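start.cif (mmCIF, C-alpha atoms and all ligand atoms)
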data_protein
loop_
_atom_site.label_atom_id
_atom_site.label_comp_id
_atom_site.auth_asym_id
_atom_site.auth_seq_id
_atom_site.Cartn_x
_atom_site.Cartn_y
_atom_site.Cartn_z
CA MET A 352 24.93 -7.32 10.18
CA GLN A 353 23.60 -7.65 6.66
CA PHE A 354 20.04 -6.30 6.44
CA ALA A 355 17.52 -6.90 3.69
CA HIS A 356 14.21 -5.13 3.40
CA ILE A 357 11.19 -5.96 1.28
CA THR A 358 8.57 -3.22 1.21
CA HIS A 359 5.47 -2.34 -0.70
CA GLY A 360 6.94 -0.37 -3.57
CA ASP A 361 3.82 1.17 -5.06
CA ASP A 362 2.95 3.93 -2.62
CA PRO A 363 4.39 6.46 -0.17
CA ASP A 364 3.77 4.27 2.89
CA GLY A 365 6.01 1.49 1.58
CA LEU A 366 8.65 3.92 0.34
CA VAL A 367 8.75 5.85 3.63
CA CYS A 368 9.26 2.52 5.46
CA ALA A 369 12.20 1.97 3.10
CA ALA A 370 13.60 5.45 3.75
CA LEU A 371 13.34 5.04 7.54
CA LEU A 372 15.01 1.61 7.56
CA ARG A 373 17.74 2.87 5.24
CA ARG A 374 18.30 5.76 7.63
CA LEU A 375 18.55 3.33 10.53
CA PHE A 376 20.51 0.45 9.08
CA GLY A 377 21.64 1.44 5.58
CA THR A 378 19.27 -1.26 4.36
CA GLU A 379 19.03 -2.24 0.72
CA THR A 380 15.43 -2.11 -0.39
CA ILE A 381 13.53 -4.55 -2.55
CA LEU A 382 10.42 -2.84 -3.86
CA ALA A 383 7.65 -5.41 -4.23
CA ASN A 384 3.92 -5.77 -4.58
CA TYR A 385 1.52 -8.71 -4.33
CA ASP A 386 2.40 -9.91 -7.81
CA ASP A 387 6.10 -10.33 -7.16
CA LEU A 388 6.32 -10.77 -3.38
CA GLU A 389 7.00 -14.49 -3.71
CA GLU A 390 9.83 -13.80 -6.13
CA ALA A 391 11.22 -11.11 -3.81
CA LEU A 392 11.24 -13.55 -0.89
CA GLY A 393 12.82 -16.19 -3.12
CA GLY A 394 15.71 -13.81 -3.77
CA ILE A 395 16.70 -13.61 -0.10
CA GLU A 396 19.70 -15.89 0.15
CA PRO A 397 22.04 -16.83 3.03
CA GLY A 398 24.45 -13.99 3.64
CA TYR A 399 21.70 -11.78 5.04
CA ASP A 400 21.30 -11.87 8.81
CA SER A 401 18.11 -9.94 9.06
CA LEU A 402 15.04 -9.42 6.86
CA TYR A 403 12.41 -6.74 7.35
CA ILE A 404 9.08 -6.92 5.52
CA THR A 405 6.94 -3.79 5.68
CA ASP A 406 3.55 -2.62 4.45
CA LEU A 407 2.85 -6.00 2.83
CA ASN A 408 0.17 -8.47 3.72
CA LEU A 409 1.62 -11.99 3.86
CA ARG A 410 -0.51 -14.92 2.79
CA GLU A 411 -0.30 -18.54 3.89
CA ALA A 412 1.23 -19.66 0.60
CA LEU A 413 4.33 -17.60 1.41
CA VAL A 414 5.03 -19.20 4.78
CA PRO A 415 7.42 -21.85 3.34
CA GLN A 416 9.59 -19.02 2.00
CA ILE A 417 9.62 -17.37 5.42
CA GLU A 418 10.51 -20.70 7.00
CA ARG A 419 13.42 -21.10 4.57
CA ILE A 420 14.70 -17.59 5.33
CA ARG A 421 14.38 -18.21 9.08
CA GLY A 422 17.02 -20.90 8.58
CA PHE A 423 19.66 -18.17 8.32
CA ALA A 424 18.13 -14.79 9.21
CA THR A 425 15.86 -13.06 11.69
CA VAL A 426 12.58 -11.92 10.14
CA THR A 427 10.61 -8.87 11.29
CA ILE A 428 7.24 -7.94 9.84
CA ILE A 429 5.94 -4.40 10.38
CA ASP A 430 2.51 -4.05 8.85
CA HIS A 431 -0.99 -2.70 9.23
CA HIS A 432 -3.07 -4.88 6.90
CA PRO A 433 -5.58 -7.14 8.61
CA MET A 434 -3.92 -10.46 9.36
CA GLU A 435 -5.53 -13.81 10.13
CA PRO A 436 -4.73 -14.80 13.74
CA THR A 437 -3.88 -18.32 12.56
CA LEU A 438 -1.30 -16.90 10.16
CA SER A 439 0.32 -14.63 12.75
CA ALA A 440 0.42 -17.52 15.25
CA TRP A 441 2.09 -19.71 12.62
CA LEU A 442 4.66 -17.03 11.79
CA ARG A 443 5.39 -16.38 15.47
CA SER A 444 5.95 -20.11 15.97
CA LEU A 445 8.70 -19.79 13.35
CA GLY A 446 10.30 -17.06 15.45
CA VAL A 447 9.14 -14.18 13.26
CA GLU A 448 8.81 -10.85 15.07
CA ILE A 449 5.51 -9.20 14.17
CA ILE A 450 4.78 -5.55 14.81
CA HIS A 451 1.22 -5.26 13.68
CA ASP A 452 -1.53 -2.72 14.17
CA THR A 453 -4.39 -1.94 11.80
CA SER A 454 -5.03 1.52 13.20
CA ASP A 455 -1.95 3.30 11.78
CA CYS A 456 0.00 3.20 8.54
CA ALA A 457 3.08 0.96 8.36
CA SER A 458 5.45 3.95 8.35
CA ALA A 459 3.97 5.24 11.60
CA LEU A 460 4.56 1.79 13.13
CA VAL A 461 8.17 1.77 11.90
CA TYR A 462 8.67 5.30 13.19
CA ASP A 463 7.16 4.50 16.56
CA HIS A 464 9.19 1.32 16.94
CA PHE A 465 12.52 3.04 16.24
CA LYS A 466 11.82 6.62 17.31
CA GLU A 467 14.59 6.68 19.93
CA GLN A 468 17.10 6.07 17.15
CA LEU A 469 15.60 8.50 14.63
CA GLU A 470 15.81 12.27 14.22
CA LYS A 471 12.84 14.63 14.47
CA ASP A 472 12.55 14.81 10.67
CA ALA A 473 11.54 11.16 10.61
CA ALA A 474 8.17 12.17 12.04
CA ARG A 475 7.53 14.28 8.94
CA LEU A 476 8.22 11.26 6.73
CA ALA A 477 5.76 9.16 8.72
CA ALA A 478 3.20 11.93 8.30
CA TYR A 479 3.62 11.85 4.49
CA ALA A 480 2.74 8.17 4.58
CA ALA A 481 -0.20 8.66 6.95
CA VAL A 482 -1.71 11.36 4.75
CA ASN A 483 -1.43 9.26 1.60
CA ASP A 484 -2.67 6.06 3.25
CA MET A 485 -5.53 8.05 4.85
CA PHE A 486 -4.36 7.04 8.32
CA GLU A 487 -3.96 10.55 9.74
CA ASP A 488 -6.41 9.60 12.47
CA GLY A 489 -4.31 6.65 13.63
CA PRO A 490 -3.20 6.91 17.27
CA ILE A 491 0.49 7.30 16.38
CA ALA A 492 0.02 9.50 13.31
CA SER A 493 -2.52 11.83 14.88
CA LYS A 494 -0.25 12.44 17.85
CA LEU A 495 2.71 13.09 15.57
CA MET A 496 0.74 15.44 13.38
CA ASP A 497 -0.86 17.44 16.18
CA GLY A 498 2.26 19.55 16.44
CA MET A 499 2.85 19.93 12.71
CA ASP A 500 1.86 22.56 10.22
CA ARG A 501 -0.79 20.35 8.66
CA LYS A 502 -1.13 22.33 5.45
CA PHE A 503 2.58 22.27 4.78
CA VAL A 504 3.10 18.63 5.64
CA GLY A 505 -0.09 17.73 3.80
CA HIS A 506 1.01 19.54 0.68
CA GLU A 507 4.43 17.89 0.66
CA ALA A 508 2.77 14.53 1.29
CA LEU A 509 0.34 14.88 -1.57
CA LEU A 510 3.02 16.03 -3.98
CA LEU A 511 4.80 12.80 -3.16
CA GLY A 512 1.68 10.67 -3.50
CA SER A 513 0.60 12.30 -6.75
CA ALA A 514 4.07 12.01 -8.23
CA LEU A 515 4.11 8.27 -7.51
CA GLY A 516 0.70 8.02 -9.12
CA SER A 517 2.15 9.17 -12.39
CA ASP A 518 5.67 7.72 -12.26
CA GLN A 519 6.04 4.15 -11.00
CA SER A 520 9.43 3.64 -12.63
CA LYS A 521 12.05 1.93 -10.52
CA PRO A 522 14.70 4.65 -10.84
CA PHE A 523 12.19 7.29 -9.74
CA LYS A 524 11.07 5.26 -6.74
CA GLU A 525 14.64 4.49 -5.78
CA ARG A 526 15.53 8.16 -5.99
CA ILE A 527 12.62 8.97 -3.71
CA VAL A 528 13.68 6.40 -1.11
CA GLU A 529 17.26 7.66 -1.16
CA GLU A 530 16.26 11.34 -0.94
CA LEU A 531 13.69 10.72 1.78
CA SER A 532 16.25 8.76 3.77
CA ARG A 533 18.22 12.04 3.85
CA TYR A 534 15.02 13.85 4.87
CA ALA A 535 14.70 15.77 1.59
CA TYR A 536 11.46 17.68 1.14
CA PRO A 537 9.40 16.08 -1.61
CA HIS A 538 9.03 19.28 -3.65
CA ARG A 539 12.82 19.45 -3.84
CA ILE A 540 13.26 15.90 -5.15
CA ARG A 541 14.02 16.02 -8.84
CA GLY A 542 10.96 15.24 -10.95
CA VAL A 543 8.40 15.18 -8.13
CA VAL A 544 6.59 18.45 -8.88
CA GLU A 545 6.37 17.74 -12.63
CA ALA A 546 5.14 14.18 -12.03
CA ALA A 547 2.56 15.42 -9.52
CA MET A 548 1.15 17.95 -12.00
CA SER A 549 0.90 15.37 -14.75
CA GLN A 550 -0.90 13.09 -12.30
CA LEU A 551 -3.54 15.76 -11.65
CA GLU A 552 -4.07 16.16 -15.37
CA LYS A 553 -4.28 12.37 -15.79
CA ILE A 554 -6.95 12.16 -13.07
CA VAL A 555 -9.06 14.82 -14.74
CA ARG A 556 -8.80 13.02 -18.08
CA ILE A 557 -9.95 9.78 -16.46
CA LYS A 558 -12.77 11.59 -14.66
CA GLU A 559 -14.00 12.82 -18.02
CA THR A 560 -14.37 9.23 -19.25
CA VAL A 561 -16.18 7.88 -16.17
CA PRO A 562 -19.77 8.98 -16.89
CA GLY A 563 -19.68 7.27 -20.29
CA ARG A 564 -17.98 4.04 -19.20
CA ALA A 565 -18.91 3.21 -15.62
CA LYS A 566 -21.95 1.18 -14.64
CA ILE A 567 -23.87 2.11 -11.51
CA LEU A 568 -25.61 -0.58 -9.46
CA GLY A 569 -27.13 1.21 -6.48
CA ARG A 570 -24.31 1.97 -4.05
CA LEU A 571 -21.67 0.47 -6.35
CA ALA A 572 -20.15 1.82 -9.57
CA TYR A 573 -17.57 -0.06 -11.59
CA MET A 574 -15.54 0.14 -14.76
CA GLU A 575 -12.66 -1.54 -16.52
CA CYS A 576 -9.38 0.28 -17.05
CA GLY A 577 -6.48 -0.15 -19.41
CA GLU A 578 -3.22 -1.86 -18.58
CA ASP A 579 -1.40 1.44 -18.14
CA LEU A 580 -3.60 2.63 -15.27
CA SER A 581 -3.72 1.66 -11.60
CA THR A 582 -7.01 -0.03 -10.70
CA GLY A 583 -6.90 1.50 -7.22
CA GLU A 584 -6.53 4.96 -8.61
CA VAL A 585 -9.35 4.53 -11.10
CA ALA A 586 -11.64 2.95 -8.47
CA ASN A 587 -11.12 6.09 -6.41
CA ILE A 588 -11.87 8.31 -9.39
CA VAL A 589 -15.07 6.34 -10.15
CA MET A 590 -16.24 6.84 -6.57
CA ASP A 591 -15.29 10.51 -6.58
CA THR A 592 -16.85 11.30 -9.95
CA LEU A 593 -20.15 9.50 -9.47
CA LEU A 594 -20.40 10.16 -5.70
CA VAL A 595 -21.24 6.53 -4.98
CA PRO A 596 -20.20 4.87 -1.67
CA VAL A 597 -18.05 2.25 -3.44
CA GLY A 598 -16.04 2.57 -6.64
CA LEU A 599 -14.52 -0.50 -8.29
CA CYS A 600 -12.15 -0.94 -11.18
CA TRP A 601 -10.59 -3.98 -12.77
CA LYS A 602 -8.11 -4.84 -15.46
CA GLU A 603 -7.21 -8.10 -17.09
CA GLN A 604 -3.98 -9.81 -16.21
CA GLY A 605 -3.60 -13.00 -18.19
CA GLU A 606 -6.30 -15.46 -17.10
CA MET A 607 -7.07 -13.33 -14.04
CA VAL A 608 -8.50 -9.91 -13.33
CA ASN A 609 -7.03 -7.47 -10.84
CA ILE A 610 -9.80 -5.74 -8.93
CA SER A 611 -9.58 -2.68 -6.68
CA MET A 612 -12.31 -1.22 -4.50
CA ARG A 613 -12.41 2.15 -2.81
CA GLY A 614 -15.00 3.31 -0.31
CA GLU A 615 -16.27 6.62 0.96
CA ARG A 616 -15.03 7.97 4.29
CA ARG A 617 -17.80 6.67 6.54
CA LEU A 618 -18.53 3.45 4.69
CA PRO A 619 -20.10 1.00 7.17
CA GLU A 620 -18.90 -2.10 5.29
CA HIS A 621 -15.29 -3.37 5.46
CA LEU A 622 -14.09 -3.68 1.88
CA GLY A 623 -11.04 -5.73 2.90
CA ASP A 624 -13.24 -8.38 4.49
CA ILE A 625 -15.56 -8.37 1.49
CA ALA A 626 -12.64 -8.69 -0.95
CA SER A 627 -11.18 -11.57 1.04
CA ARG A 628 -14.48 -13.46 1.29
CA LEU A 629 -15.72 -12.96 -2.27
CA SER A 630 -12.37 -13.62 -3.92
CA LYS A 631 -12.04 -16.91 -2.03
CA ARG A 632 -15.57 -17.86 -3.09
CA HIS A 633 -14.64 -17.25 -6.74
CA GLY A 634 -11.27 -18.99 -6.83
CA GLY A 635 -8.94 -16.08 -6.14
CA PHE A 636 -7.44 -14.16 -3.25
CA GLY A 637 -7.80 -10.68 -1.84
CA GLY A 638 -8.04 -8.47 1.21
CA GLY A 639 -7.01 -5.06 2.45
CA HIS A 640 -8.32 -2.14 4.42
CA ALA A 641 -11.83 -1.03 5.30
CA ARG A 642 -11.98 1.55 2.54
CA ALA A 643 -9.32 0.32 0.13
CA SER A 644 -9.03 -3.29 -0.89
CA GLY A 645 -8.03 -5.52 -3.75
CA ALA A 646 -8.80 -8.93 -5.16
CA LYS A 647 -7.63 -11.21 -7.92
CA VAL A 648 -10.07 -13.70 -9.44
CA PRO A 649 -10.23 -15.73 -12.68
CA ARG A 650 -11.49 -13.64 -15.60
CA ALA A 651 -14.48 -15.98 -16.01
CA LYS A 652 -15.59 -15.27 -12.42
CA LEU A 653 -15.63 -11.48 -12.67
CA ASP A 654 -19.36 -11.17 -13.40
CA ALA A 655 -20.25 -13.45 -10.51
CA PHE A 656 -17.93 -11.49 -8.21
CA LEU A 657 -19.56 -8.20 -9.24
CA ALA A 658 -23.06 -9.62 -8.82
CA ASP A 659 -22.26 -10.88 -5.30
CA LEU A 660 -20.69 -7.57 -4.37
CA ALA A 661 -23.64 -5.57 -5.68
CA GLY A 662 -25.92 -7.88 -3.70
CA GLU A 663 -23.98 -7.25 -0.48
CA LEU A 664 -23.91 -3.49 -0.95
CA ASN A 665 -27.57 -3.25 -1.97
CA PRO A 666 -29.49 -5.47 0.43
MN MN B 1 0.20 1.07 3.84
#
Now, as a test, write the supplied structure out as structure tokens.
Ligand SMILES: [Mn+2]
Amino acid sequence: MQFAHITHGDDPDGLVCAALLRRLFGTETILANYDDLEEALGGIEPGYDSLYITDLNLREALVPQIERIRGFATVTIIDHHPMEPTLSAWLRSLGVEIIHDTSDCASALVYDHFKEQLEKDAARLAAYAAVNDMFEDGPIASKLMDGMDRKFVGHEALLLGSALGSDQSKPFKERIVEELSRYAYPHRIRGVVEAAMSQLEKIVRIKETVPGRAKILGRLAYMECGEDLSTGEVANIVMDTLLVPVGLCWKEQGEMVNISMRGERRLPEHLGDIASRLSKRHGGFGGGHARASGAKVPRAKLDAFLADLAGELNP
């Protein structure tokens, strides 16, 4: 069997999925995100018998690619992002296997699905992902973590997450997948500790710019960030620094803007639903989790998007 695997390559959840599947099947990993997912799917050619897609939210526009791949390979999706029932029904009608649950991280779902074939150390990997995705309370993750030394596993997890915050280079991420697939402890993976420390320093430097650059509109605060920064990370820092319920950050990407939103722990609104609805209204696309979501809209629609969002958050 020739396995291919496309995973979300930007964060520990996606990389742990990659490590677990490599452990299981020796799978090659294609690290993707929403900008290059279509291209990644387009690269899956006959010769593969089986494709796994993990920690990535498919959209309707990608269904033709899935249909093409189904012509020669089985397709399995393991994900935790909210999914339209019409889309999952469509994919199932193409014979796609969908393992989907929004209450745990994708790695916990992968772990749970294959746990009979995995060693005990795999649970630790799933915990790293749960901590970084803030899904420690998920039914699978919380059960896994009940028996763990939470401080130890949490520290290793956050070293990993912080390191990826500062180094998104392909060789670094590939090294992490390979090492994790052999159950290496993150602090022992070359470069992780140094990258994690530089990430902490980077966060503090961003925090120091927030009061001067962010705008506060009631429960929302927002600012623009430079091309070199992650909008999700900065949205989180805006929320954290100004202690507002929702932090938002955007950056320009050609004719479009990439927007990320982050919400406080007990936020009553669902930011994924809001991102999906408002981005559609303004000619883009978006979605995500209750407290972490993203959207892409035309640059010219940014102000209208922000005004609508501020209106929803400040009734
Ligand atoms: Mn995830």
Tell me, in Å to one decimal, how far atom CA of Glu578 of chain A is from atom CA of Arg628 of chain A.
-> 25.6 Å
Compute the set of protein, DNA and RNA residues whose minimum atom distance to ligand MN 1 (chain B) is at most 9 Å, using all atoms listed in the file, and state it as a count of residues only.
-> 20
Could you give me, as an MDAnalysis selection string, the residues that have an atom at most 10 Å away from the point (-19.9, 9.9, -15.2) in the coordinates of the file, using only C-alpha atoms?
-> chainID A and resid 558:567 572 589:594
Expected file: the selected residues, C-alpha atoms, as a short mmCIF file (atom, residue, chain, number, x, y, z; two decimals), in the frame of the given file:
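This is the output file out_9.cif:
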data_model
loop_
_atom_site.label_atom_id
_atom_site.label_comp_id
_atom_site.auth_asym_id
_atom_site.auth_seq_id
_atom_site.Cartn_x
_atom_site.Cartn_y
_atom_site.Cartn_z
CA LYS A 558 -12.77 11.59 -14.66
CA GLU A 559 -14.00 12.82 -18.02
CA THR A 560 -14.37 9.23 -19.25
CA VAL A 561 -16.18 7.88 -16.17
CA PRO A 562 -19.77 8.98 -16.89
CA GLY A 563 -19.68 7.27 -20.29
CA ARG A 564 -17.98 4.04 -19.20
CA ALA A 565 -18.91 3.21 -15.62
CA LYS A 566 -21.95 1.18 -14.64
CA ILE A 567 -23.87 2.11 -11.51
CA ALA A 572 -20.15 1.82 -9.57
CA VAL A 589 -15.07 6.34 -10.15
CA MET A 590 -16.24 6.84 -6.57
CA ASP A 591 -15.29 10.51 -6.58
CA THR A 592 -16.85 11.30 -9.95
CA LEU A 593 -20.15 9.50 -9.47
CA LEU A 594 -20.40 10.16 -5.70
#
Separating atom CA of Pro490 of chain A from atom CA of Leu409 of chain A, to the nearest tenth of an Å, is a gap of 23.7 Å
One decimal, Å: what's the distance from atom CA of Ser439 of chain A over to atom CA of Asp624 of chain A, could you say?
->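 Spanning atom CA of Ser439 of chain A to atom CA of Asp624 of chain A is a straight-line distance of 17.1 Å.
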Find the spatial neighbours of segment 465-470 of chain A, counting only C-alpha atoms, within a cut-off of 9 Å - ignore same-chain residues fewer than 6 positions away - and output them as a list in words.
->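 The residues that qualify are Leu371, Arg374 and Leu375 of chain A.
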Counting all atoms listed in the file, figure out which residue out of A:Ser549, A:Thr378, A:Thr425, A:Leu438 gets nearest to Ala412 of chain A.
->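 Closest to Ala412 of chain A, using all atoms listed in the file: A:Leu438.
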Kindly indicate which residue among A:His640, A:His506, A:Arg373, A:Arg475 lies nearest to Ala492 of chain A, using only C-alpha atoms for the distances.
->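 The closest residue to Ala492 of chain A is A:Arg475.
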If you take only C-alpha atoms and a cut-off of 7 Å, which residues of segment 520-613 of chain A touch segment 649-661 of chain A, and what are their nearest atom pairs and distances in Å to one decimal, in chain and number order, as a tab-separated table?
residue	atom	partner	partner_atom	distance
A:Leu568	CA	A:Ala661	CA	6.6
A:Leu571	CA	A:Ala661	CA	6.4
A:Glu606	CA	A:Arg650	CA	5.7
A:Met607	CA	A:Pro649	CA	4.2
A:Val608	CA	A:Arg650	CA	5.3
Per-residue nearest contacts of segment 405-495 of chain A to segment 383-400 of chain A (7 Å; all atoms listed in the file) as a Markdown table:
| residue | atom | partner | partner_atom | distance |
| --- | --- | --- | --- | --- |
| A:Leu413 | CA | A:Glu389 | CA | 6.6 |
| A:Gln416 | CA | A:Leu392 | CA | 6.4 |
| A:Phe423 | CA | A:Pro397 | CA | 6.0 |
| A:Ala424 | CA | A:Asp400 | CA | 4.3 |
| A:Thr425 | CA | A:Asp400 | CA | 6.3 |
Dump as a tab-separated table the rows for residues of segment 398-495 of chain A within 10 Å of segment 535-543 of chain A: closest atom pair and distance in Å with one decimal, only C-alpha atoms counted, ordered by chain and rising residue number.
residue	atom	partner	partner_atom	distance
A:Asp472	CA	A:Ala535	CA	9.4
A:Arg475	CA	A:Tyr536	CA	9.4
A:Leu476	CA	A:Tyr536	CA	9.1
A:Tyr479	CA	A:Pro537	CA	9.4
